[in-house]
Amino acid sequence: MSAPQRSSSALSLRHTNLTILLACLGVFTAYLPVVGVSVALPVIQQALDASTVELQWVADAFILPTAALLLTFGMLGELFGRKKVYVAGLGIFCVGSLLCLVAPNVLLVCVGQAFAGVGAAALLPSSLALISHVCPDYRRRSRAIVAWTASLGLGLALGPIINGVIVEHASWRWIFFPALVIGAVIVAVSMTALKDSRGSREPHLDIVGQILAIVAITTLVYGVIEGGSAGWTSTKAVVALIAAALALAAFVLAELRSSHPMLDMRLFASKGFSGAAFVMAVALFAQVGLVFALSEYFGLVHHASTLDIGIRLLALNGFAVLLAPLVGRLMNRTSPGLVLVMGLVISGIGALCVCFFHASTGTGTAALVMGVLGIGIALALAPITSIAISSLPRHLADTAGASNSTMRQIGSALGPAVFGAILTDRTLAALPEHLSTSGLNAAGQGQVEGVVSHVGIQAGAFLRLDTAPATEQALTAYGQSFTDALHVCAVVSGVGMLVGAVVAIVTIGVRKRAAHDSAPARQEAVTAVADEG
């Protein structure tokens with residue numbers, strides 16, 4: 001190799017590594033608020049006098065636009081340039097963080113979270129597409145995706161710790177400052193360091209498909225939240241869920257008939273792609289939902305501080321970072337499908353172990369169970385993304401990445417909504433029995449039931465009666481009721497993970513694939529369909 005060729009190769013390698021680094025930093029920044037804001041919800045609730053439903057919307061205000069707009073930004077990146085979408089996403093994310101930083105009420109916090117969610121919707125598919133573009137080799141791309149997934153996990157792990165330290169020493173508002181600063185720095189670097197790229201499809205925006213996708217996702221999550229708070233037969237919940245079903249059906253029909261669909265439904269003919277999409281949604285639903293439930297359990301039953309909650313959840317999210325090198329080697333030496341199934345089974349077992357928690361479970365026991373759950377999640381997340389990206393031709397990386405991230409965010413949005421509804425419903429259902437054996441008199445029991453019915457599960461943060469012994473009895477009954485509800489969440493999460501493992505075995509398989517497989521031979525039919533568009 002001549003000197004100019006070596007110099008060109010070195011420059012190309014440096015650009016590839018820098019692109020991977022910036023993609024990882026982008027997704028790290030986007031995921032800092034996901035769990036970080038969730039563990040700070042009790043502090044936000046007290047500062048802004050928010051209800052349980054309002055707190056659910058603080059979390060879902062971020063996740064909803066992320067889920068609804070991922071496919072749109074994936075298409076925009078393919079049409080107009082991944083770098084442009086990536087940098088624009090970071091800018092919008094920073095605007096949202098700034099709004100949250102100065103928000104005087106819950107409404108503006110939700111608006112800021114929504115802006116940040118829009119930015120995250122642009123970051124996720126564009127960062128994956130940037131990686132896929134500079135890593136045509138399957139093995140190199142798999143390692144880069146493992147790093148990308150580890151960065152996502154690092155954001156989930158460090159968000160609660162950083163926010164816990166901040167709320168211990170400053171106002172809750174400052175929890176949004178680190179992501180704002182990091183995002184602004186990445187924007188400045190990316191403007192000059194990244195090279196732009198785009199897909200090969202003709203410029204065409206599927207406006208009808210996008211509107212229907214937004215309506216379907218938004219009404220589904222809204223219906224679940226309203227069903228949990230106002231009852232599943234309430235008018236709002238029923239209308240929202242019916243609207244979601246109709247919008248979803250209309251979306252599928254529109255995409256099948258469109259000459260330039262936002263999401264080509266024929267791509268789901270790939271068993272690997274469709275299996276990864278389903279498993280991604282189920283796994284994130286189970287993981288994020290259980291993390292939400294555990295955050296509430298540690299805060300409302302154990303009365304742990306925000307920092308303590310973050311430390312307890314570190315074992316769960318931290319393994320995604322620590323095990324990233326091992327996961328990459330396992331994927332290359334065995335198969336992504338086998339690693340995925342192993343991770344889902346371990347995650348399912350870990351989630352079911354939460355059923356052994358009680359109101360006074362010690363930190364050591366909780367950390368052990370969190371560790372098992374975290375190991376499983378670490379093994380599962382990277383293979384899902386790698387399988388989804390690699391199951392389609394490389395020029396469809398935007399579509400694969402956006403679809404994969406959409407399923408991730410749909411699961412993430414439904415998790416807190418469904419698990420929050422379960423916690424509220426089952427806590428209220430179990431409370432009378434535990435109050436009857438608590439030693440409280442009838443008046444005290446009625447007072448506790450009234451407070452919890454009115455305020456929701458957040459009543460555990462400030463439940464007080466006339467005397468200290470009565471308060472202790474009330475909190476004990478509340479803690480036992482909440483723990484009963486947590487057990488139901490654990491069963492839902494664990495069974496969901498195990499169902500995902502079965503689906504992965506059937507659709508993805510566990511056999512090792514060829515190392516050179518950058519566009520799998522078994523996807524020739526899918527490639528042909530994609531090339532027709």
# chains A, B, ... in the order shown; residues from 1 in each chain; ligands from 1
call {"tool": "residues_around", "arguments": {"residues": "stretch 28-43 of chain A", "least_positions_apart": "6", "cutoff": "8 Å", "atoms": "only C-alpha atoms", "output": "PyMOL selection string"}}
result
chain A and resi 55+59+62+93+116+119-120+123+151-164+167+172+175-176+179+182-183+291-292+295-296+299+306+309-310+458+461
call {"tool": "residues_around", "arguments": {"residues": "A:Pro325", "least_positions_apart": "6", "cutoff": "10 Å", "atoms": "only C-alpha atoms", "output": "list in words"}}
result
Arg143, Val146, Ala147 and Ala150 of chain A
call {"tool": "write_last_selection", "arguments": {"atoms": "N, CA, C and O atoms", "output": "compact mmCIF listing (two decimals), in the first residue's frame"}}
result
# COMPACT_ATOMS: atom_id res chain seq x y z
N ARG A 143 -20.19 -4.55 16.37
CA ARG A 143 -19.44 -3.98 17.51
C ARG A 143 -19.85 -2.53 17.75
O ARG A 143 -19.98 -2.10 18.90
N VAL A 146 -23.20 -2.47 19.42
CA VAL A 146 -23.05 -2.81 20.84
C VAL A 146 -22.61 -1.58 21.62
O VAL A 146 -23.12 -1.30 22.72
N ALA A 147 -21.66 -0.80 21.07
CA ALA A 147 -21.22 0.43 21.73
C ALA A 147 -22.36 1.43 21.82
O ALA A 147 -22.53 2.12 22.84
N ALA A 150 -24.63 0.26 24.51
CA ALA A 150 -24.00 0.50 25.81
C ALA A 150 -24.12 1.97 26.20
O ALA A 150 -24.31 2.31 27.37
call {"tool": "select_by_dssp", "arguments": {"residues": "stretch 145-294 of chain A", "states": "alpha helix (DSSP H)", "output": "JSON, numbers by chain"}}
result
{"A": [145, 146, 147, 148, 149, 150, 151, 152, 153, 154, 155, 156, 157, 158, 159, 160, 161, 162, 163, 164, 165, 166, 167, 168, 169, 177, 178, 179, 180, 181, 182, 183, 184, 185, 186, 187, 188, 189, 190, 191, 192, 193, 207, 208, 209, 210, 211, 212, 213, 214, 215, 216, 217, 218, 219, 220, 221, 222, 223, 224, 225, 226, 227, 228, 229, 230, 235, 236, 237, 238, 239, 240, 241, 242, 243, 244, 245, 246, 247, 248, 249, 250, 251, 252, 253, 254, 255, 256, 257, 271, 272, 273, 274, 275, 276, 277, 278, 279, 280, 281, 282, 283, 284, 285, 286, 287, 288, 289, 290, 291, 292, 293, 294]}
call {"tool": "closest_residue", "arguments": {"among": "A:Ala382, A:Val187, A:Val106, A:Leu71", "to": "A:Asp264", "atoms": "only C-alpha atoms"}}
result
A:Leu71
call {"tool": "atom_distance", "arguments": {"atom1": "atom CA of A:Lys271", "atom2": "atom CA of A:Ser390"}}
result
12.0 Å
call {"tool": "atom_distance", "arguments": {"atom1": "atom CA of A:Cys100", "atom2": "atom CA of A:Ala88"}}
result
18.7 Å
call {"tool": "residues_around", "arguments": {"residues": "A:Met370", "least_positions_apart": "3", "cutoff": "8 Å", "atoms": "only C-alpha atoms", "output": "ChimeraX atom specification"}}
result
/A:312-313,315-316,350,366-367,373-374
call {"tool": "write_last_selection", "arguments": {"atoms": "N, CA and C atoms", "output": "compact mmCIF listing (two decimals), in the first residue's frame"}}
result
# COMPACT_ATOMS: atom_id res chain seq x y z
N ARG A 312 -29.71 2.27 43.66
CA ARG A 312 -30.33 0.94 43.64
C ARG A 312 -30.61 0.46 42.23
N LEU A 313 -30.92 1.39 41.33
CA LEU A 313 -31.20 1.01 39.94
C LEU A 313 -29.92 0.88 39.12
N ALA A 315 -27.47 -1.15 39.44
CA ALA A 315 -27.17 -2.55 39.11
C ALA A 315 -27.97 -3.01 37.91
N LEU A 316 -29.16 -2.45 37.72
CA LEU A 316 -30.01 -2.85 36.61
C LEU A 316 -29.49 -2.28 35.30
N GLY A 350 -35.21 -12.77 36.37
CA GLY A 350 -34.96 -11.65 37.28
C GLY A 350 -36.21 -10.88 37.63
N ALA A 366 -32.45 -6.61 47.18
CA ALA A 366 -32.92 -5.86 46.01
C ALA A 366 -31.81 -5.72 44.97
N ALA A 367 -30.58 -5.45 45.42
CA ALA A 367 -29.45 -5.28 44.48
C ALA A 367 -29.16 -6.59 43.75
N LEU A 373 -31.57 -9.11 36.76
CA LEU A 373 -32.38 -8.46 35.73
C LEU A 373 -31.50 -7.64 34.79
N GLY A 374 -30.51 -6.94 35.37
CA GLY A 374 -29.62 -6.11 34.56
C GLY A 374 -28.76 -6.92 33.62
call {"tool": "closest_residue", "arguments": {"among": "A:Thr427, A:Ala103, A:Pro469, A:Asn441", "to": "A:Asp484", "atoms": "only C-alpha atoms"}}
result
A:Thr427
call {"tool": "residues_around", "arguments": {"residues": "A:Leu246", "least_positions_apart": "5", "cutoff": "12 Å", "atoms": "only C-alpha atoms", "output": "number ranges by chain"}}
result
A: 212-213, 215-217, 219-220, 239-241, 251-253
call {"tool": "write_last_selection", "arguments": {"atoms": "all heavy atoms", "output": "tab-separated table (two decimals), in the first residue's frame"}}
result
chain	number	residue	atom	x	y	z
A	212	LEU	N	-51.43	9.33	10.77
A	212	LEU	CA	-52.09	8.16	11.35
A	212	LEU	C	-51.22	7.51	12.43
A	212	LEU	O	-51.73	7.03	13.45
A	212	LEU	CB	-52.41	7.14	10.25
A	212	LEU	CG	-53.52	7.55	9.27
A	212	LEU	CD1	-53.60	6.56	8.12
A	212	LEU	CD2	-54.86	7.63	10.01
A	213	ALA	N	-49.89	7.47	12.23
A	213	ALA	CA	-49.00	6.90	13.23
A	213	ALA	C	-49.04	7.71	14.53
A	213	ALA	O	-49.10	7.16	15.63
A	213	ALA	CB	-47.57	6.83	12.69
A	215	VAL	N	-51.50	9.66	15.57
A	215	VAL	CA	-52.81	9.47	16.21
A	215	VAL	C	-52.88	8.13	16.92
A	215	VAL	O	-53.35	8.03	18.06
A	215	VAL	CB	-53.94	9.59	15.16
A	215	VAL	CG1	-55.28	9.20	15.77
A	215	VAL	CG2	-54.00	11.01	14.62
A	216	ALA	N	-52.41	7.06	16.25
A	216	ALA	CA	-52.49	5.72	16.84
A	216	ALA	C	-51.68	5.63	18.13
A	216	ALA	O	-52.17	5.13	19.15
A	216	ALA	CB	-52.00	4.69	15.82
A	217	ILE	N	-50.44	6.09	18.10
A	217	ILE	CA	-49.57	5.96	19.27
A	217	ILE	C	-50.05	6.84	20.42
A	217	ILE	O	-50.12	6.42	21.58
A	217	ILE	CB	-48.12	6.31	18.89
A	217	ILE	CG1	-47.58	5.27	17.90
A	217	ILE	CG2	-47.23	6.36	20.13
A	217	ILE	CD1	-46.25	5.67	17.27
A	219	THR	N	-53.12	8.18	21.01
A	219	THR	CA	-54.40	7.77	21.61
A	219	THR	C	-54.27	6.46	22.39
A	219	THR	O	-54.96	6.26	23.39
A	219	THR	CB	-55.48	7.61	20.52
A	219	THR	OG1	-54.99	6.75	19.48
A	219	THR	CG2	-55.84	8.96	19.92
A	220	LEU	N	-53.38	5.58	21.95
A	220	LEU	CA	-53.18	4.32	22.68
A	220	LEU	C	-52.63	4.59	24.08
A	220	LEU	O	-53.18	4.09	25.08
A	220	LEU	CB	-52.22	3.42	21.90
A	220	LEU	CG	-51.83	2.10	22.60
A	220	LEU	CD1	-53.06	1.26	22.88
A	220	LEU	CD2	-50.81	1.35	21.75
A	239	VAL	N	-63.06	5.73	24.23
A	239	VAL	CA	-62.96	6.46	22.96
A	239	VAL	C	-61.51	6.47	22.47
A	239	VAL	O	-61.24	6.27	21.28
A	239	VAL	CB	-63.49	7.90	23.13
A	239	VAL	CG1	-63.15	8.74	21.89
A	239	VAL	CG2	-64.99	7.89	23.36
A	240	ALA	N	-60.56	6.70	23.39
A	240	ALA	CA	-59.15	6.76	23.00
A	240	ALA	C	-58.66	5.41	22.47
A	240	ALA	O	-57.95	5.35	21.45
A	240	ALA	CB	-58.29	7.20	24.18
A	241	LEU	N	-59.02	4.33	23.13
A	241	LEU	CA	-58.56	3.01	22.70
A	241	LEU	C	-59.20	2.59	21.37
A	241	LEU	O	-58.55	1.97	20.53
A	241	LEU	CB	-58.85	1.97	23.79
A	241	LEU	CG	-58.05	2.15	25.09
A	241	LEU	CD1	-58.50	1.16	26.14
A	241	LEU	CD2	-56.55	2.00	24.82
A	251	PHE	N	-53.51	3.03	9.33
A	251	PHE	CA	-52.09	3.20	9.04
A	251	PHE	C	-51.56	2.02	8.21
A	251	PHE	O	-50.86	2.21	7.21
A	251	PHE	CB	-51.30	3.32	10.34
A	251	PHE	CG	-49.81	3.32	10.16
A	251	PHE	CD1	-49.15	4.45	9.70
A	251	PHE	CD2	-49.06	2.19	10.44
A	251	PHE	CE1	-47.77	4.46	9.52
A	251	PHE	CE2	-47.68	2.17	10.27
A	251	PHE	CZ	-47.04	3.31	9.81
A	252	VAL	N	-51.91	0.80	8.62
A	252	VAL	CA	-51.45	-0.38	7.89
A	252	VAL	C	-51.98	-0.36	6.46
A	252	VAL	O	-51.24	-0.61	5.49
A	252	VAL	CB	-51.89	-1.67	8.62
A	252	VAL	CG1	-51.57	-2.90	7.77
A	252	VAL	CG2	-51.19	-1.78	9.97
A	253	LEU	N	-53.25	-0.05	6.30
A	253	LEU	CA	-53.84	-0.01	4.95
A	253	LEU	C	-53.19	1.09	4.10
A	253	LEU	O	-52.90	0.87	2.91
A	253	LEU	CB	-55.35	0.23	5.05
A	253	LEU	CG	-56.19	-0.93	5.60
A	253	LEU	CD1	-57.64	-0.50	5.76
A	253	LEU	CD2	-56.09	-2.15	4.67
